[in-house]
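A.B. asks: CSV, C-alpha atoms, file protein-v6.csv:
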```
chain,number,residue,atom,x,y,z
A,271,MET,CA,100.5,108.4,68.5
A,272,GLN,CA,99.7,108.6,64.8
A,273,ASP,CA,102.5,108.8,62.2
A,274,SER,CA,101.4,112.2,60.9
A,275,GLN,CA,101.8,113.9,64.3
A,276,GLN,CA,105.1,114.7,65.8
A,277,VAL,CA,105.5,116.1,69.3
A,278,GLU,CA,108.6,118.1,70.2
A,279,VAL,CA,109.5,118.2,73.8
A,280,ILE,CA,111.9,120.8,75.0
A,281,ALA,CA,113.2,120.5,78.6
A,282,CYS,CA,114.4,123.9,79.8
A,283,GLU,CA,115.3,122.8,83.3
A,284,VAL,CA,114.8,119.9,85.7
A,285,LEU,CA,112.3,120.5,88.5
A,286,SER,CA,112.2,118.7,91.8
A,287,LEU,CA,109.0,117.2,93.1
A,288,ALA,CA,108.7,119.9,95.7
A,289,GLU,CA,108.9,122.6,93.0
A,290,LEU,CA,106.2,120.8,91.0
A,291,LEU,CA,103.9,120.5,94.0
A,292,ALA,CA,104.5,124.2,94.9
A,293,ALA,CA,103.6,125.2,91.3
A,294,SER,CA,100.3,123.4,91.5
A,295,GLY,CA,99.1,126.3,93.6
A,296,PRO,CA,98.5,126.8,97.3
A,297,GLY,CA,95.2,125.7,98.7
A,298,LYS,CA,94.5,123.3,95.8
A,299,SER,CA,93.3,120.0,97.2
A,300,THR,CA,95.1,116.9,96.0
A,301,GLY,CA,93.9,113.4,96.3
A,302,ARG,CA,90.5,112.0,96.5
A,303,PRO,CA,87.6,114.1,97.9
A,304,GLN,CA,86.0,113.0,101.1
A,305,VAL,CA,83.0,110.8,100.9
A,306,LEU,CA,81.1,112.6,103.6
A,307,THR,CA,81.0,116.4,103.6
A,308,GLU,CA,80.8,118.4,106.8
A,309,GLU,CA,77.0,118.8,106.2
A,310,GLY,CA,76.7,115.0,105.8
A,311,LYS,CA,78.6,114.4,109.0
A,312,ASP,CA,76.4,116.8,110.9
A,313,ARG,CA,73.3,115.2,109.5
A,314,LEU,CA,74.7,111.7,110.6
A,315,VAL,CA,75.4,112.9,114.1
A,316,ALA,CA,72.0,114.5,114.4
A,317,THR,CA,70.4,111.3,113.2
A,318,VAL,CA,72.2,109.2,115.7
A,319,LYS,CA,71.4,111.5,118.6
A,320,ARG,CA,67.8,111.8,117.7
A,321,ASP,CA,66.4,109.0,119.8
A,322,PHE,CA,67.1,105.7,121.5
A,323,GLU,CA,66.3,103.7,118.4
A,324,THR,CA,68.8,105.5,116.2
A,325,ARG,CA,71.5,105.1,118.8
A,326,ARG,CA,71.1,101.3,118.5
A,327,MET,CA,71.1,101.1,114.7
A,328,SER,CA,73.8,99.4,112.6
A,329,PRO,CA,76.0,101.5,110.3
A,330,VAL,CA,74.0,100.3,107.3
A,331,ASP,CA,70.7,101.3,108.9
A,332,LEU,CA,72.1,104.7,109.9
A,333,GLN,CA,73.3,105.2,106.3
A,334,CYS,CA,69.7,104.8,105.1
A,335,GLU,CA,68.1,106.8,107.9
A,336,ALA,CA,70.5,109.8,107.4
A,337,GLN,CA,70.0,109.5,103.6
A,338,LEU,CA,73.7,108.9,102.9
A,339,GLY,CA,73.2,106.1,100.4
A,340,HIS,CA,76.4,107.1,98.5
A,341,ALA,CA,78.7,106.4,101.5
A,342,CYS,CA,79.8,102.9,102.6
A,343,PRO,CA,79.7,102.0,106.3
A,344,GLN,CA,83.4,102.7,107.0
A,345,PRO,CA,83.3,106.5,106.5
A,346,ILE,CA,80.2,106.5,108.5
A,347,LEU,CA,81.9,104.8,111.5
A,348,THR,CA,84.9,107.1,111.0
A,349,ALA,CA,82.7,110.2,111.1
A,350,LEU,CA,81.0,109.0,114.2
A,351,ASP,CA,84.3,108.4,115.9
A,352,GLU,CA,85.5,111.9,115.0
A,353,ARG,CA,82.3,113.7,116.2
A,354,GLY,CA,82.0,111.5,119.4
```
Can the structure in the file be given as structure tokens, please?
C.D. replies:
Amino acid sequence: MQDSQQVEVIACEVLSLAELLAASGPGKSTGRPQVLTEEGKDRLVATVKRDFETRRMSPVDLQCEAQLGHACPQPILTALDERG
């Protein structure tokens, strides 16, 4: 902080962690967003089920085939496990 600026902090009351989390608002997502959206997961499953060749592809090849270049192979495997 620069010398010319002063910040005055006034604590009115002490809040618990639960109160702070509740104040953040219901329905607000916390944490990191999912790598694959529901649409991406659906596209991945449709790609895998398309034909015999896609069923035999590696996760990296499926990633390219389903145009999911932004996702690493682990979320792809997780999505396939979830969707069966």
A.B. asks: Applying 9 Å and all atoms listed in the file, which residues near His340 (chain A) remain after dropping the ones on its own chain fewer than 2 positions away? List them as an MDAnalysis selection string.
C.D. replies: chainID A and resid 305:306 333 337:338 342
A.B. asks: Interatomic distance between CA of Val330 (chain A) and CA of Gln304 (chain A)?
C.D. replies: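 That distance, rounded to one decimal, is 18.5 Å.
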A.B. asks: Between CA of Gly301 (chain A) and CA of Val315 (chain A), what is the distance in Å, rounded to a tenth?
C.D. replies: 25.7 Å
A.B. asks: Just checking: using only C-alpha atoms, which residue out of A:Pro303, A:Glu323, A:Leu314, A:Ala288 ends up closest to Leu350 (chain A)?
C.D. replies: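 Closest to Leu350 (chain A) of all the choices is A:Leu314.
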A.B. asks: If I take CA of Thr348 (chain A) and CA of Ala316 (chain A), how far is one from the other in Å, to one decimal?
C.D. replies: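 One can read the CA of Thr348 (chain A) to CA of Ala316 (chain A) distance as 15.3 Å.
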A.B. asks: Any chance you could work out the axis-aligned box around region 334-338 of chain A, listed atoms only, 8 Å on each side, giving centre and edge lengths in Å to one decimal, as JSON?
C.D. replies:
```
{"center_x": 70.9, "center_y": 107.3, "center_z": 105.4, "size_x": 21.6, "size_y": 21.0, "size_z": 21.0}
```
A.B. asks: From the set A:Ala336, A:Arg302, A:Leu291, A:Gly310, which residue has the shortest atom-to-atom contact distance to Ala349 (chain A), counting all atoms listed in the file?
C.D. replies: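 Nearest to Ala349 (chain A): A:Gly310.
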A.B. asks: Nearest to Asp331 (chain A): which of A:Glu309, A:Arg353, A:Val318, A:Ser286 is it, counting all atoms listed in the file?
C.D. replies: A:Val318
